[in-house]
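*Asks:* Here you go, one structure.
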Amino acid sequence: MSDATVKSAARAFEVLEHFRIGRQPRSMSEIAASLDYPLSSTTVLLKTLVKLGYLNYDRRDRVYFPTTKVSTLGEWIPKVLFGSGQVLDAMYDLHAETGEGVFLGAKNDVYLQYIQTKPSIHALRFHIDEGTIRPITKSIAGLVLLSTMPAEKLENTVRRANIATAEPASRMKLADIQAEITKIRTQGYGYVEDLPFEGGATLAMLLPVLVQGQPITLALGGVTERFRRHQDRYLTALHKAVRSIRTDPDFDNPVQIEL
């Protein structure tokens, strides 16, 4: 596969992401300027997406907008991943009780991926787009996922996650990761401040379900000062949300959700 083909594929998704964020029709020149694409290649890309049925072109106003075909690409995924919906219900309940940003995180190679998010209702908050990935060592939710790994696999994963971390100063030492994982295993949850955002705090717990054979974590995050005031209440709410989906009384045998 040529570099040009890979770049075109990436740009197609970037165009769709552009519409997801903007949520309004855009002209070819607006899209090209926003994404810093050459006009010529933008024209070809947009015409291709129209031909494939993913974009609609309004010839009168000369603007593009996604079609319903885009929404059908992923509308089936939450049902397949989360089965009866108990996981999503737990996430929504946690959000209702705390008002903080809540998310479900899963391991994606050496990254943590935010597979489902619910934004905070507070005026002062941090925002994470659904689908965002970051090195798994750079989030307490990622460390909770790492706590499920045996020692030999953990060392390999941390090494590769550090390679994926662009700034050398931000790379994590294995000994520090191991110490945090020991703490997580002892107390049954993870808590951190100033990671991944300065001035932010996150609480995370493992859920008793496996998605495609992988563990999944439920977490809430927000401003550190607010978390310090409400940490006991937030932790109680998180425990409650996790317990609500324990359909099997034996937590050591988590429910498997497979594609």
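Going by the structure tokens order, chains are called A, B, ..., each with residues numbered from 1, while ligands are numbered from 1 in the order shown.
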Tell me which protein, DNA and RNA residues are within 12 Å of His230 of chain A, counting only C-alpha atoms, leaving out same-chain ones fewer than 5 positions away, and put them as a PyMOL selection string.
*Replies:* chain A and resi 97-100+201+203+221-225+235-237
*Asks:* Residues within 12 Å of Leu45 of chain A, please, as a PyMOL selection string. Count only C-alpha atoms; anything in the same chain fewer than 3 positions from it doesn't count.
*Replies:* chain A and resi 5+7-16+28+31-32+37-42+48-52+54-55+64
*Asks:* Please write the residues from the selection above to a file, keeping C-alpha atoms, as a short mmCIF file (atom, residue, chain, number, x, y, z; two decimals), in the first residue's frame.
*Replies:*
data_model
loop_
_atom_site.label_atom_id
_atom_site.label_comp_id
_atom_site.auth_asym_id
_atom_site.auth_seq_id
_atom_site.Cartn_x
_atom_site.Cartn_y
_atom_site.Cartn_z
CA THR A 5 -3.21 5.64 -0.37
CA LYS A 7 -2.82 9.46 3.46
CA SER A 8 -6.05 9.49 1.46
CA ALA A 9 -7.65 7.01 3.84
CA ALA A 10 -6.61 9.11 6.84
CA ARG A 11 -7.95 12.27 5.22
CA ALA A 12 -11.33 10.65 4.54
CA PHE A 13 -11.77 9.98 8.24
CA GLU A 14 -10.49 13.44 9.13
CA VAL A 15 -13.16 14.97 6.91
CA LEU A 16 -15.88 12.97 8.67
CA MET A 28 -14.81 22.64 -0.24
CA ILE A 31 -12.82 22.10 4.59
CA ALA A 32 -9.48 22.49 2.82
CA TYR A 37 -5.34 20.23 2.63
CA PRO A 38 -4.42 21.25 -0.93
CA LEU A 39 -7.51 22.42 -2.85
CA SER A 40 -6.97 19.97 -5.69
CA SER A 41 -6.78 16.85 -3.52
CA THR A 42 -9.66 18.08 -1.34
CA THR A 48 -15.11 10.38 -3.98
CA LEU A 49 -17.02 10.52 -0.68
CA VAL A 50 -20.08 11.81 -2.53
CA LYS A 51 -19.80 9.00 -5.08
CA LEU A 52 -19.54 6.42 -2.26
CA TYR A 54 -21.03 9.23 2.57
CA LEU A 55 -21.40 12.92 1.71
CA TYR A 64 -21.17 19.23 1.65
#
*Asks:* Would you pick out the contacts of segment 137-142 of chain A at 8 Å or less, using only C-alpha atoms, so that residues sharing its chain but fewer than 2 positions from it are not included, and give the list as a VMD selection string?
*Replies:* chain A and resid 105 to 107 111 to 112 134 to 135 144 to 146 158 161 to 162 172 177 190 to 192 195 to 196 202 to 205 217 to 219
*Asks:* Would you list, as a ChimeraX atom specification, the residues of segment 4-215 of chain A that end up in helix (DSSP H, G or I) under DSSP run on this structure's backbone?
*Replies:* /A:4-22,28-35,39-51,68-74,77-82,86-98,136-138,140-146,151-164,168-170,174-187
*Asks:* Using atom CA of Val87 of chain A and atom CA of Met149 of chain A as the two end points, give the distance in Å to one decimal.
*Replies:* 22.3 Å
*Asks:* Asp61 of chain A: which residues within 12 Å, counting only C-alpha atoms, same-chain residues fewer than 3 positions away excluded, as a tab-separated table (two decimals) with C-alpha atoms, in the first residue's frame?
*Replies:*
chain	number	residue	atom	x	y	z
A	25	PRO	CA	-22.55	22.08	6.00
A	26	ARG	CA	-19.14	23.13	4.72
A	27	SER	CA	-17.81	24.26	1.36
A	28	MET	CA	-14.81	22.64	-0.24
A	56	ASN	CA	-24.23	14.89	0.13
A	57	TYR	CA	-23.38	17.77	-2.18
A	58	ASP	CA	-25.77	20.73	-2.42
A	64	TYR	CA	-21.17	19.23	1.65
A	65	PHE	CA	-22.77	17.38	4.58
*Asks:* Counting only C-alpha atoms, which of A:Ile245, A:Leu238, A:Val70, A:Ala151 gets nearest to Val102 of chain A?
*Replies:* A:Leu238
